$ cat my_file22.txt   # compact mmCIF, C-alpha atoms
# COMPACT_ATOMS: atom_id res chain seq x y z
CA MET A 1 14.43 70.48 88.97
CA THR A 2 13.80 71.38 92.59
CA THR A 3 14.70 74.86 93.78
CA PRO A 4 16.55 74.92 97.11
CA ALA A 5 14.60 76.31 100.06
CA ARG A 6 17.40 78.76 100.79
CA ALA A 7 19.80 80.77 98.67
CA PHE A 8 23.27 79.42 97.98
CA HIS A 9 26.55 80.70 96.62
CA LEU A 10 29.43 78.68 95.18
CA ALA A 11 32.68 78.47 97.12
CA GLN A 12 35.93 77.43 95.50
CA LEU A 13 39.37 76.53 96.78
CA ASN A 14 42.39 76.17 94.54
CA VAL A 15 45.80 75.16 95.88
CA ALA A 16 49.06 75.43 93.96
CA THR A 17 52.52 74.19 94.93
CA LEU A 18 55.20 76.72 94.02
CA LEU A 19 58.22 75.56 92.03
CA HIS A 20 60.31 78.25 93.76
CA PRO A 21 59.82 80.60 96.75
CA ILE A 22 57.33 83.41 96.14
CA ASP A 23 60.15 86.00 96.20
CA ASP A 24 62.26 84.11 93.64
CA PRO A 25 62.71 86.03 90.34
CA ARG A 26 61.34 83.03 88.43
CA ILE A 27 57.98 83.55 90.20
CA ALA A 28 58.00 87.34 89.64
CA PRO A 29 55.83 87.19 86.47
CA PHE A 30 53.12 85.42 88.49
CA VAL A 31 53.40 87.91 91.37
CA GLU A 32 53.10 90.80 88.88
CA LEU A 33 49.82 89.35 87.62
CA LEU A 34 48.24 89.01 91.08
CA ASP A 35 46.92 92.57 91.43
CA PRO A 36 45.39 92.81 87.94
CA VAL A 37 43.81 89.35 88.16
CA ASN A 38 42.48 89.94 91.68
CA SER A 39 41.08 93.32 90.64
CA ALA A 40 39.39 91.67 87.67
CA ALA A 41 37.88 89.05 89.99
CA ASP A 42 36.67 91.71 92.42
CA GLU A 43 34.87 93.47 89.56
CA ALA A 44 33.59 90.34 87.79
CA PRO A 45 29.85 89.76 87.58
CA GLY A 46 28.80 87.33 90.29
CA PHE A 47 31.88 87.78 92.48
CA VAL A 48 31.06 87.79 96.21
CA TRP A 49 34.28 87.50 98.23
CA ARG A 50 37.88 86.26 98.23
CA LEU A 51 40.30 85.40 101.00
CA VAL A 52 43.07 87.90 101.67
CA GLY A 53 45.73 87.96 104.35
CA GLU A 54 45.33 90.50 107.13
CA GLY A 55 46.51 93.86 105.81
CA GLU A 56 47.32 92.27 102.43
CA ALA A 57 45.87 92.54 98.93
CA ASP A 58 45.91 88.77 98.36
CA ALA A 59 46.32 85.46 100.17
CA THR A 60 49.81 84.47 99.00
CA ALA A 61 51.34 85.00 102.45
CA LEU A 62 48.89 82.53 104.00
CA ARG A 63 50.26 78.99 103.95
CA PRO A 64 47.63 76.75 105.62
CA ALA A 65 48.37 73.83 103.26
CA GLY A 66 52.18 73.90 103.49
CA GLU A 67 55.04 76.35 103.19
CA ASP A 68 55.31 75.96 99.42
CA VAL A 69 51.54 75.88 98.74
CA ILE A 70 49.49 78.98 98.01
CA VAL A 71 45.72 79.01 98.29
CA ASN A 72 42.95 80.84 96.50
CA LEU A 73 39.57 80.78 98.22
CA SER A 74 36.59 82.69 96.88
CA VAL A 75 32.79 82.77 96.78
CA TRP A 76 30.65 83.41 93.69
CA GLU A 77 26.93 83.89 93.15
CA THR A 78 26.76 81.07 90.60
CA GLN A 79 28.89 78.37 89.02
CA GLU A 80 28.51 80.16 85.69
CA ALA A 81 29.97 83.38 87.13
CA LEU A 82 33.04 81.54 88.40
CA TRP A 83 33.42 79.65 85.10
CA ASP A 84 33.20 82.87 83.10
CA PHE A 85 35.88 84.53 85.22
CA ALA A 86 38.18 81.49 85.23
CA TYR A 87 37.90 80.58 81.54
CA ARG A 88 36.57 83.64 79.70
CA SER A 89 38.67 86.46 81.10
CA GLY A 90 42.31 87.49 81.50
CA HIS A 91 42.55 84.85 84.21
CA LEU A 92 42.78 82.22 81.48
CA GLU A 93 46.22 83.52 80.43
CA VAL A 94 47.51 83.00 83.97
CA MET A 95 46.14 79.45 83.93
CA ARG A 96 47.86 78.77 80.62
CA ARG A 97 51.19 79.77 82.17
CA ARG A 98 50.76 77.89 85.48
CA ARG A 99 53.43 75.28 84.65
CA GLU A 100 56.03 78.07 84.71
CA TRP A 101 55.34 78.66 88.42
CA PHE A 102 53.60 75.62 89.92
CA GLU A 103 54.12 71.88 90.20
CA ARG A 104 51.77 69.59 88.31
CA HIS A 105 49.31 68.12 90.80
CA VAL A 106 48.73 64.39 90.85
CA GLN A 107 45.61 64.70 92.99
CA ALA A 108 42.72 67.18 93.06
CA HIS A 109 43.88 70.74 93.60
CA MET A 110 40.54 72.53 93.17
CA VAL A 111 37.21 71.95 94.86
CA LEU A 112 33.79 73.55 94.60
CA TRP A 113 30.92 73.41 97.10
CA TRP A 114 27.71 75.28 97.81
CA VAL A 115 27.44 77.49 100.89
CA PRO A 116 24.41 79.33 102.26
CA ALA A 117 24.36 82.88 100.87
CA GLY A 118 26.15 85.13 103.33
CA HIS A 119 28.45 82.40 104.63
CA LEU A 120 32.15 83.05 104.06
CA PRO A 121 34.06 79.77 104.37
CA GLY A 122 37.25 79.59 106.37
CA VAL A 123 40.43 77.94 105.17
CA GLY A 124 39.86 74.94 107.46
CA GLU A 125 36.44 74.31 105.94
CA ALA A 126 37.87 74.69 102.44
CA LEU A 127 40.77 72.29 103.05
CA GLU A 128 38.33 69.77 104.56
CA ARG A 129 36.24 69.92 101.35
CA LEU A 130 39.36 69.35 99.26
CA ASP A 131 40.29 66.39 101.47
CA ASP A 132 36.76 65.01 101.06
CA LEU A 133 37.01 65.27 97.27
CA ARG A 134 40.40 63.58 97.28
CA ALA A 135 39.24 60.76 99.57
CA HIS A 136 35.74 60.08 98.22
CA GLY A 137 35.51 61.66 94.79
CA PRO A 138 32.88 64.13 93.65
CA SER A 139 29.66 64.46 95.63
CA PRO A 140 27.16 67.24 96.40
CA ARG A 141 29.53 68.07 99.29
CA ALA A 142 32.72 68.53 97.22
CA PHE A 143 32.95 68.57 93.43
CA THR A 144 34.64 70.06 90.37
CA PHE A 145 33.49 71.79 87.19
CA ALA A 146 33.69 68.42 85.40
CA SER A 147 31.55 66.69 88.03
CA SER A 148 29.28 69.41 89.33
CA TYR A 149 26.17 69.31 91.47
CA THR A 150 23.41 71.88 91.79
CA ALA A 151 22.67 73.89 94.91
CA ALA A 152 19.40 71.91 95.22
CA GLU A 153 21.35 68.63 95.24
CA ALA A 154 23.70 70.01 97.87
CA ASP A 155 20.77 71.23 99.97
CA SER A 156 19.10 67.79 99.78
CA HIS A 157 22.40 66.14 100.72
CA ILE A 158 22.79 68.44 103.74
CA ALA A 159 19.19 67.82 104.83
CA ALA A 160 19.67 64.04 104.59
CA ALA A 161 22.92 64.21 106.58
CA ASP A 162 21.19 66.34 109.24
CA GLU A 163 18.39 63.74 109.52
CA VAL A 164 20.91 60.93 110.00
CA ALA A 165 22.82 62.97 112.58
CA ALA A 166 19.58 63.60 114.51
CA LEU A 167 18.88 59.86 114.89

$ encode --input "my_file22.txt" --output "structure tokens"
Amino acid sequence: MTTPARAFHLAQLNVATLLHPIDDPRIAPFVELLDPVNSAADEAPGFVWRLVGEGEADATALRPAGEDVIVNLSVWETQEALWDFAYRSGHLEVMRRRREWFERHVQAHMVLWWVPAGHLPGVGEALERLDDLRAHGPSPRAFTFASSYTAAEADSHIAAADEVAAL
């Protein structure tokens, strides 16, 4: 396996369509879990960064994908670190209860991609990666846990795209 020439981190975007407005009492159990889950993420091994609204503790007030859609955007040192947080921590309980608060998605609602270490992706970049996954399926540019690519594969893909663009 080839090691990438530069260091990479894993970015992830997850979108969820609320069944009710965020201030509805039926969503209150989810809202009550936000601080503990976000604190756990902030302290998790391999955590780098997460999107928060200006002056806020989370990103639930941001609605770049629609008024009823909340976004979660974060960066992790490795895919394993994100997996461990998502599926081997208290976060798993929130995921198990997601149908209480969110619509079932018929298309991809989560996307992963490699970013150069130190780069913090914006929401526009993240939504573009999700759109790419939805339109073209998994690739080194936009993938999922079930169809993942290494940072080296992503780096090679970027280098090849840069060569084509230079022609």

$ residues_around --input "my_file22.txt" --residues "Pro64 of chain A" --least-positions-apart "5" --cutoff "12 Å" --atoms "all atoms listed in the file" --output "list in words"
Val15, Ala16, Gly53, Ala59, Val69, Ile70, Val71, Asn72, Leu73, Gly122, Val123, Gly124, Glu125, Ala126, Leu127 and Glu128 of chain A

$ residues_around --input "my_file22.txt" --residues "Leu34 of chain A" --least-positions-apart "3" --cutoff "12 Å" --atoms "only C-alpha atoms" --output "list of chain:residue names"
A:Ile22, A:Ile27, A:Ala28, A:Pro29, A:Phe30, A:Val31, A:Val37, A:Asn38, A:Ser39, A:Ala40, A:Ala41, A:Asp42, A:Val52, A:Glu56, A:Ala57, A:Asp58, A:Ala59, A:Thr60, A:Asn72, A:Gly90, A:His91, A:Val94

$ atom_distance --input "my_file22.txt" --atom1 "atom CA of Arg88 of chain A" --atom2 "atom CA of Phe8 of chain A"
23.0 Å

$ atom_distance --input "my_file22.txt" --atom1 "atom CA of Trp101 of chain A" --atom2 "atom CA of His20 of chain A"
7.3 Å

$ closest_residue --input "my_file22.txt" --among "A:Leu51, A:Val75, A:Ala65, A:Leu13" --to "Val115 of chain A" --atoms "only C-alpha atoms"
A:Val75

$ closest_residue --input "my_file22.txt" --among "A:Leu10, A:Leu19, A:Ala142, A:Ala61" --to "Arg99 of chain A" --atoms "only C-alpha atoms"
A:Leu19

$ atom_distance --input "my_file22.txt" --atom1 "atom CA of Trp76 of chain A" --atom2 "atom CA of Ser89 of chain A"
15.2 Å

$ closest_residue --input "my_file22.txt" --among "A:Leu133, A:Arg50, A:Gly55, A:Leu92" --to "Leu112 of chain A" --atoms "all atoms listed in the file"
A:Leu133

$ closest_residue --input "my_file22.txt" --among "A:Pro121, A:Pro25, A:Gly137, A:Pro116" --to "Arg6 of chain A" --atoms "only C-alpha atoms"
A:Pro116

$ closest_residue --input "my_file22.txt" --among "A:Ala86, A:Val111, A:Val106, A:Ala44" --to "Ser148 of chain A" --atoms "only C-alpha atoms"
A:Val111

$ axis_aligned_box --input "my_file22.txt" --around "segment 61-68 of chain A" --padding-each-side "5 Å" --output "JSON"
{"center_x": 51.5, "center_y": 79.4, "center_z": 102.5, "size_x": 17.7, "size_y": 21.2, "size_z": 16.2}

$ decode --input "my_file22.txt" --residues "segment 67-82 of chain A" --atoms "all heavy atoms" --output "tab-separated table (two decimals), in the first residue's frame"
chain	number	residue	atom	x	y	z
A	67	GLU	N	-34.71	24.04	5.66
A	67	GLU	CA	-35.19	24.48	6.96
A	67	GLU	C	-35.42	23.34	7.94
A	67	GLU	O	-35.25	23.51	9.14
A	67	GLU	CB	-36.47	25.30	6.79
A	67	GLU	CG	-36.90	26.01	8.05
A	67	GLU	CD	-35.82	26.91	8.68
A	67	GLU	OE1	-35.07	27.55	7.95
A	67	GLU	OE2	-35.73	26.94	9.92
A	68	ASP	N	-35.77	22.17	7.45
A	68	ASP	CA	-36.03	21.04	8.34
A	68	ASP	C	-34.88	20.04	8.42
A	68	ASP	O	-35.01	18.95	8.96
A	68	ASP	CB	-37.32	20.33	7.94
A	68	ASP	CG	-37.30	19.82	6.51
A	68	ASP	OD1	-36.40	20.21	5.73
A	68	ASP	OD2	-38.18	19.02	6.15
A	69	VAL	N	-33.72	20.41	7.87
A	69	VAL	CA	-32.56	19.52	7.82
A	69	VAL	C	-31.44	20.07	8.71
A	69	VAL	O	-31.03	21.21	8.56
A	69	VAL	CB	-32.04	19.37	6.38
A	69	VAL	CG1	-30.81	18.46	6.33
A	69	VAL	CG2	-33.13	18.84	5.46
A	70	ILE	N	-30.99	19.24	9.64
A	70	ILE	CA	-29.82	19.62	10.45
A	70	ILE	C	-28.60	18.91	9.89
A	70	ILE	O	-28.69	17.86	9.26
A	70	ILE	CB	-30.02	19.33	11.94
A	70	ILE	CG1	-30.24	17.85	12.22
A	70	ILE	CG2	-31.17	20.17	12.50
A	70	ILE	CD1	-30.23	17.51	13.71
A	71	VAL	N	-27.45	19.53	10.11
A	71	VAL	CA	-26.19	19.00	9.59
A	71	VAL	C	-25.21	18.75	10.73
A	71	VAL	O	-25.23	19.45	11.74
A	71	VAL	CB	-25.54	19.94	8.55
A	71	VAL	CG1	-26.44	20.12	7.35
A	71	VAL	CG2	-25.17	21.27	9.16
A	72	ASN	N	-24.37	17.76	10.53
A	72	ASN	CA	-23.27	17.47	11.42
A	72	ASN	C	-22.05	17.33	10.54
A	72	ASN	O	-22.02	16.47	9.66
A	72	ASN	CB	-23.54	16.18	12.21
A	72	ASN	CG	-22.35	15.79	13.05
A	72	ASN	OD1	-21.36	15.29	12.54
A	72	ASN	ND2	-22.45	16.03	14.33
A	73	LEU	N	-21.08	18.18	10.74
A	73	LEU	CA	-19.86	18.19	9.94
A	73	LEU	C	-18.69	18.14	10.90
A	73	LEU	O	-18.60	18.97	11.81
A	73	LEU	CB	-19.81	19.46	9.07
A	73	LEU	CG	-18.55	19.74	8.27
A	73	LEU	CD1	-18.24	18.63	7.28
A	73	LEU	CD2	-18.70	21.08	7.53
A	74	SER	N	-17.80	17.17	10.71
A	74	SER	CA	-16.64	17.06	11.60
A	74	SER	C	-15.44	16.51	10.86
A	74	SER	O	-15.56	16.01	9.74
A	74	SER	CB	-16.98	16.18	12.82
A	74	SER	OG	-17.31	14.87	12.42
A	75	VAL	N	-14.28	16.61	11.51
A	75	VAL	CA	-13.02	16.10	10.96
A	75	VAL	C	-12.36	15.23	12.02
A	75	VAL	O	-12.35	15.59	13.21
A	75	VAL	CB	-12.08	17.26	10.55
A	75	VAL	CG1	-10.73	16.74	10.08
A	75	VAL	CG2	-12.73	18.13	9.47
A	76	TRP	N	-11.82	14.11	11.57
A	76	TRP	CA	-11.20	13.11	12.45
A	76	TRP	C	-9.83	12.74	11.91
A	76	TRP	O	-9.60	12.80	10.70
A	76	TRP	CB	-12.10	11.88	12.53
A	76	TRP	CG	-13.42	12.20	13.16
A	76	TRP	CD1	-14.48	12.82	12.55
A	76	TRP	CD2	-13.79	12.00	14.51
A	76	TRP	NE1	-15.49	13.00	13.46
A	76	TRP	CE2	-15.10	12.51	14.67
A	76	TRP	CE3	-13.15	11.44	15.60
A	76	TRP	CZ2	-15.77	12.46	15.88
A	76	TRP	CZ3	-13.82	11.38	16.81
A	76	TRP	CH2	-15.12	11.89	16.94
A	77	GLU	N	-8.93	12.34	12.80
A	77	GLU	CA	-7.60	11.95	12.37
A	77	GLU	C	-7.61	10.73	11.47
A	77	GLU	O	-6.83	10.63	10.52
A	77	GLU	CB	-6.70	11.69	13.58
A	77	GLU	CG	-6.34	12.94	14.34
A	77	GLU	CD	-5.52	12.67	15.58
A	77	GLU	OE1	-5.25	11.48	15.90
A	77	GLU	OE2	-5.13	13.65	16.24
A	78	THR	N	-8.50	9.78	11.77
A	78	THR	CA	-8.55	8.53	11.00
A	78	THR	C	-10.00	8.06	10.87
A	78	THR	O	-10.88	8.47	11.63
A	78	THR	CB	-7.76	7.40	11.70
A	78	THR	OG1	-8.41	7.10	12.95
A	78	THR	CG2	-6.30	7.78	11.93
A	79	GLN	N	-10.21	7.18	9.93
A	79	GLN	CA	-11.53	6.56	9.77
A	79	GLN	C	-11.86	5.72	10.99
A	79	GLN	O	-13.01	5.68	11.44
A	79	GLN	CB	-11.55	5.72	8.50
A	79	GLN	CG	-12.91	5.15	8.19
A	79	GLN	CD	-12.98	4.52	6.82
A	79	GLN	OE1	-12.27	4.92	5.90
A	79	GLN	NE2	-13.84	3.53	6.67
A	80	GLU	N	-10.87	5.05	11.55
A	80	GLU	CA	-11.09	4.22	12.73
A	80	GLU	C	-11.54	5.05	13.92
A	80	GLU	O	-12.41	4.62	14.69
A	80	GLU	CB	-9.81	3.44	13.08
A	80	GLU	CG	-9.43	2.41	12.05
A	80	GLU	CD	-8.77	2.99	10.79
A	80	GLU	OE1	-8.28	4.15	10.80
A	80	GLU	OE2	-8.79	2.29	9.76
A	81	ALA	N	-10.98	6.24	14.08
A	81	ALA	CA	-11.38	7.12	15.20
A	81	ALA	C	-12.84	7.52	15.06
A	81	ALA	O	-13.60	7.49	16.05
A	81	ALA	CB	-10.48	8.35	15.25
A	82	LEU	N	-13.26	7.88	13.86
A	82	LEU	CA	-14.66	8.24	13.64
A	82	LEU	C	-15.57	7.02	13.88
A	82	LEU	O	-16.60	7.13	14.54
A	82	LEU	CB	-14.88	8.80	12.24
A	82	LEU	CG	-16.33	9.08	11.85
A	82	LEU	CD1	-17.00	10.04	12.81
A	82	LEU	CD2	-16.39	9.61	10.41
